[in-house]
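Working notes, beginning with the structure itself.
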Amino acid sequence: MEIVRPQWKAQTNDVVSTLPLYRSAPSLEVRLEDFELHAVDRLRVLKAVSDGLSRGRKPDEMENLVKELWKANMKHPLASEVLNKDIISHFVLRLVYCRTEDLRKWFLSMETTLFRYRFRLLTAEAQRVLLAEFGLPYRAVASAEFESIKDKLSQVARSIGQPLLSSDAIFYKVPFEEVPELVAGRRVFVYKGYAYVATNQVVSLVVTQFRSLLSKALTLTNRKWTSTIREQEKDRLTPIVEALCSSYLGPDFSEPKEFAEISIKDIDVVAKSSFPLCMRQLFEKLREDHHLKHGGRMQLGLFLKGVGLKLDEALAFWRAEFSQKVGAERFDKEYAYGIRHNYGREGKRTDYTPYSCQKVISSTPGVGDYHGCPYRHFSEENLRAALGKIGVNSGAMEDVMDKVRNRHYQLACTLTFEAIHGVSCDAGINHPNQYFTDSQVILKSKNHSTQ
């Protein structure tokens with residue numbers, strides 16, 4: 001069934017132009033390139049929304065954030081195609097995130113939040129139209145009933161800082177269990193099993209319905225994916241779908257830009273000042289043990305490549321460390337090849353890129369390994385010790401640990417960066433090499449200002 005409804009045809013790139021309900025997949029032909037690119041653009045929006053929520057942004061701040069994110073990522077060269085991009089990207093990500101319980105939970109939460117703030121940005125007339133689209137059976141409270149409970153409604157309004165009720169105020173009478181967030185926040189009058197919802201609170205009612213529909217749809221999509229779609233599209237769509245949820249969406253840092261080169265003589269200084277915790281731990285263990293297992297060599301080696309350590313310097317650096325443990329001859333026979341391979345000088349001549357935060361976090365270090373993400377893989381005791389060692393004070397440390405407990409590992413790293421450098425990092429830390437680059441920018445700026 002065609003999902004594009006004429007009355008909702010988008011005419012601009014504005015977030016308030018339209019808000020589809022995504023009831024059924026569109027009957028549209030989509031180029032494979034657009035299939036992936038549209039999904040990536042929407043994923044940028046959802047991940048930024050997730051970061052905003054993790055940072056505790058207020059509703060008005062979230063509303064502005066969603067508006068700017070949508071304009072920046074969901075626009076299309078053809079204004080008439082904006083709605084199609086919205087719908088296509090949603091259904092592609094529905095395929096991507098239907099596959100496990102954790103993926104479904106994250107997608108459901110982020111899409112519901114996105115829907116909430118896009119609804120708030122609609123005009124009053126557009127909100128009424130969307131309310132009708134849901135086919136909700138609720139009617140405005142009749143005048144006589146309104147007058148009988150007006151004092152109670154006014155008390156609730158005053159308690160939540162809302163303006164006094166006017167004589168033409170409109171309320172909807174709905175079963176209280178359908179607006180749990182309003183009831184939990186004591187923002188509605190509840191009487192005999194019904195909640196009286198003001199027009200400006202209808203978003204909670206609509207969001208509850210949207211979340212319910214999407215939750216059921218994700219379960220159905222998962223069944224279709226596992227039973228038919230995955231196998232039918234194993235050579236075309238399946239690789240894209242299975243890779244998207246772990247995609248890193250920023251620069252790959254394959255070539256250092258701001259700082260073109262570092263040498264062995266610089267490395268100890270910049271390690272202390274600008275390495276993120278994951279790389280600093282590896283670097284210090286390498287200096288201490290003069291050896292790292294394969295996972296550690298890959299994670300640290302590609303990071304060093306990304307910050308500007310050239311191949312000849314890299315070989316000299318690793319040889320100097322490993323020769324103390326295994327000898328120079330064994331290093332040349334067993335380890336030098338891997339370093340040249342990372343730089344694209346051996347094997348398939350692939351120029352490998354440094355690991356993103358997502359790749360580091362998703363790694364599974366074993367016994368004797370030191371790679372991975374300290375915020376995820378360290379015990380609380382070891383993480384606190386590591387944070388204290390690099391200069392994170394007790395107040396900031398508690399904020400970091402709070403994010404770790406809630407599994408916001410990248411945000412924990414962002415807070416560490418802010419605590420050490422004394423500046424905010426609104427973009428968040430998404431890549432170890434980004435941490436290094438941003439650190440160097442700040443430190444060079446401070447040095448310049450003091451000269």
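Here, A, B, ... name the chains of the structure tokens in the order displayed, residue numbers run from 1 inside each chain, and ligands are numbered from 1 in the same displayed order.
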Exercise for the section: Could you give me the residues within range 77-160 of chain A that DSSP places in alpha helix (DSSP H), as a PyMOL selection string? Expected result: chain A and resi 82-97+101-120+124-134+143-159
Handout entry: All strand (DSSP E or B) residues (DSSP, backbone) inside range 49-285 of chain A, as a list of chain:residue names
Key = A:Ala140, A:Phe171, A:Tyr172, A:Lys173, A:Val174, A:Pro175, A:Phe189, A:Val190, A:Tyr191, A:Tyr194, A:Ala195, A:Tyr196, A:Val197, A:Ala198, A:Ile262
Handout entry: CA of Leu19 in chain A to CA of Leu237 in chain A, distance in Å rounded to a single decimal
Key =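 According to the coordinates, CA of Leu19 in chain A and CA of Leu237 in chain A are separated by 26.6 Å.
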Problem - Contacts of Phe146 in chain A at 10 Å (only C-alpha atoms; same-chain gap of 5+ positions) as a list of chain:residue names - result: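 With the cut-off at 10 Å, the set is A:Ala140, A:Val141, A:Asp151, A:Lys152, A:Leu153, A:Ser167, A:Asp168, A:Ala169, A:Ile170, A:Phe171, A:Tyr196.
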Output all heavy atoms for every residue in the selection just made, as a PDB file, in the first residue's frame.
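The result, written out as part_31.pdb:
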ATOM      1  N   ALA A 140     -13.419  15.551  23.129  1.00  0.00           N
ATOM      2  CA  ALA A 140     -13.225  16.627  24.096  1.00  0.00           C
ATOM      3  C   ALA A 140     -14.282  16.523  25.196  1.00  0.00           C
ATOM      4  O   ALA A 140     -15.431  16.134  24.948  1.00  0.00           O
ATOM      5  CB  ALA A 140     -13.319  17.977  23.398  1.00  0.00           C
ATOM      6  N   VAL A 141     -13.880  16.869  26.415  1.00  0.00           N
ATOM      7  CA  VAL A 141     -14.788  16.833  27.564  1.00  0.00           C
ATOM      8  C   VAL A 141     -15.906  17.855  27.348  1.00  0.00           C
ATOM      9  O   VAL A 141     -15.657  19.009  26.972  1.00  0.00           O
ATOM     10  CB  VAL A 141     -14.021  17.138  28.865  1.00  0.00           C
ATOM     11  CG1 VAL A 141     -14.982  17.271  30.046  1.00  0.00           C
ATOM     12  CG2 VAL A 141     -12.986  16.056  29.123  1.00  0.00           C
ATOM     13  N   ASP A 151     -12.191  23.363  38.903  1.00  0.00           N
ATOM     14  CA  ASP A 151     -11.324  23.736  40.022  1.00  0.00           C
ATOM     15  C   ASP A 151     -10.175  22.742  40.190  1.00  0.00           C
ATOM     16  O   ASP A 151      -9.034  23.138  40.460  1.00  0.00           O
ATOM     17  CB  ASP A 151     -12.143  23.810  41.313  1.00  0.00           C
ATOM     18  CG  ASP A 151     -13.089  24.999  41.327  1.00  0.00           C
ATOM     19  OD1 ASP A 151     -12.887  25.914  40.503  1.00  0.00           O
ATOM     20  OD2 ASP A 151     -14.031  24.998  42.141  1.00  0.00           O
ATOM     21  N   LYS A 152     -10.470  21.461  40.043  1.00  0.00           N
ATOM     22  CA  LYS A 152      -9.428  20.436  40.136  1.00  0.00           C
ATOM     23  C   LYS A 152      -8.398  20.586  39.020  1.00  0.00           C
ATOM     24  O   LYS A 152      -7.193  20.453  39.242  1.00  0.00           O
ATOM     25  CB  LYS A 152     -10.056  19.044  40.081  1.00  0.00           C
ATOM     26  CG  LYS A 152     -10.982  18.716  41.249  1.00  0.00           C
ATOM     27  CD  LYS A 152     -10.199  18.581  42.544  1.00  0.00           C
ATOM     28  CE  LYS A 152     -11.118  18.111  43.673  1.00  0.00           C
ATOM     29  NZ  LYS A 152     -10.393  18.002  44.955  1.00  0.00           N
ATOM     30  N   LEU A 153      -8.884  20.841  37.819  1.00  0.00           N
ATOM     31  CA  LEU A 153      -7.982  21.023  36.678  1.00  0.00           C
ATOM     32  C   LEU A 153      -7.096  22.246  36.890  1.00  0.00           C
ATOM     33  O   LEU A 153      -5.909  22.235  36.545  1.00  0.00           O
ATOM     34  CB  LEU A 153      -8.784  21.166  35.384  1.00  0.00           C
ATOM     35  CG  LEU A 153      -9.610  19.954  34.956  1.00  0.00           C
ATOM     36  CD1 LEU A 153     -10.446  20.292  33.724  1.00  0.00           C
ATOM     37  CD2 LEU A 153      -8.712  18.753  34.658  1.00  0.00           C
ATOM     38  N   SER A 167     -12.067  29.723  29.620  1.00  0.00           N
ATOM     39  CA  SER A 167     -13.392  29.097  29.502  1.00  0.00           C
ATOM     40  C   SER A 167     -13.500  28.189  28.286  1.00  0.00           C
ATOM     41  O   SER A 167     -14.354  27.303  28.235  1.00  0.00           O
ATOM     42  CB  SER A 167     -14.480  30.181  29.430  1.00  0.00           C
ATOM     43  OG  SER A 167     -14.218  31.046  28.325  1.00  0.00           O
ATOM     44  N   ASP A 168     -12.634  28.419  27.296  1.00  0.00           N
ATOM     45  CA  ASP A 168     -12.691  27.595  26.081  1.00  0.00           C
ATOM     46  C   ASP A 168     -11.594  26.534  26.040  1.00  0.00           C
ATOM     47  O   ASP A 168     -11.278  25.991  24.979  1.00  0.00           O
ATOM     48  CB  ASP A 168     -12.620  28.479  24.832  1.00  0.00           C
ATOM     49  CG  ASP A 168     -11.325  29.295  24.772  1.00  0.00           C
ATOM     50  OD1 ASP A 168     -10.603  29.334  25.792  1.00  0.00           O
ATOM     51  OD2 ASP A 168     -11.053  29.898  23.712  1.00  0.00           O
ATOM     52  N   ALA A 169     -10.978  26.258  27.202  1.00  0.00           N
ATOM     53  CA  ALA A 169      -9.930  25.231  27.254  1.00  0.00           C
ATOM     54  C   ALA A 169     -10.500  23.873  26.853  1.00  0.00           C
ATOM     55  O   ALA A 169     -11.644  23.556  27.167  1.00  0.00           O
ATOM     56  CB  ALA A 169      -9.333  25.158  28.650  1.00  0.00           C
ATOM     57  N   ILE A 170      -9.679  23.095  26.140  1.00  0.00           N
ATOM     58  CA  ILE A 170     -10.111  21.777  25.658  1.00  0.00           C
ATOM     59  C   ILE A 170      -9.337  20.689  26.391  1.00  0.00           C
ATOM     60  O   ILE A 170      -8.104  20.734  26.484  1.00  0.00           O
ATOM     61  CB  ILE A 170      -9.896  21.644  24.134  1.00  0.00           C
ATOM     62  CG1 ILE A 170     -10.741  22.685  23.393  1.00  0.00           C
ATOM     63  CG2 ILE A 170     -10.237  20.234  23.665  1.00  0.00           C
ATOM     64  CD1 ILE A 170     -10.494  22.700  21.898  1.00  0.00           C
ATOM     65  N   PHE A 171     -10.056  19.702  26.928  1.00  0.00           N
ATOM     66  CA  PHE A 171      -9.453  18.555  27.590  1.00  0.00           C
ATOM     67  C   PHE A 171     -10.014  17.275  26.982  1.00  0.00           C
ATOM     68  O   PHE A 171     -11.172  17.230  26.552  1.00  0.00           O
ATOM     69  CB  PHE A 171      -9.742  18.571  29.097  1.00  0.00           C
ATOM     70  CG  PHE A 171      -8.869  19.507  29.872  1.00  0.00           C
ATOM     71  CD1 PHE A 171      -9.138  20.876  29.875  1.00  0.00           C
ATOM     72  CD2 PHE A 171      -7.782  19.045  30.582  1.00  0.00           C
ATOM     73  CE1 PHE A 171      -8.329  21.742  30.589  1.00  0.00           C
ATOM     74  CE2 PHE A 171      -6.968  19.906  31.296  1.00  0.00           C
ATOM     75  CZ  PHE A 171      -7.245  21.260  31.303  1.00  0.00           C
ATOM     76  N   TYR A 196      -7.564  13.501  32.606  1.00  0.00           N
ATOM     77  CA  TYR A 196      -8.065  14.631  31.820  1.00  0.00           C
ATOM     78  C   TYR A 196      -6.848  15.343  31.229  1.00  0.00           C
ATOM     79  O   TYR A 196      -6.095  16.010  31.942  1.00  0.00           O
ATOM     80  CB  TYR A 196      -8.906  15.552  32.692  1.00  0.00           C
ATOM     81  CG  TYR A 196     -10.218  14.909  33.094  1.00  0.00           C
ATOM     82  CD1 TYR A 196     -10.283  14.001  34.161  1.00  0.00           C
ATOM     83  CD2 TYR A 196     -11.391  15.172  32.392  1.00  0.00           C
ATOM     84  CE1 TYR A 196     -11.474  13.385  34.522  1.00  0.00           C
ATOM     85  CE2 TYR A 196     -12.604  14.568  32.742  1.00  0.00           C
ATOM     86  CZ  TYR A 196     -12.627  13.678  33.804  1.00  0.00           C
ATOM     87  OH  TYR A 196     -13.821  13.065  34.143  1.00  0.00           O
TER      88      TYR A 196
END
Problem - Nearest-residue call for Ala412 in chain A, choices A:Pro175, A:Gly391, A:Pro276, A:Gly301, using only C-alpha atoms - result: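 For Ala412 in chain A, the nearest of the candidates is A:Pro276.
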Exercise for the section: Between A:Leu28, A:Cys245, A:Ile429, A:Cys357, single out the one closest to His371 in chain A, counting only C-alpha atoms. Expected result: A:Cys357
Problem - Residue contacts of range 282-285 of chain A (10 Å, only C-alpha atoms) excluding same-chain residues fewer than 4 positions away, as a count of residues only - result: 20
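Compared by their closest atoms to Lys293 in chain A, and using only C-alpha atoms, the residues A:Leu220, A:Ala25, A:Leu383, A:Val367 rank with A:Val367 nearest.
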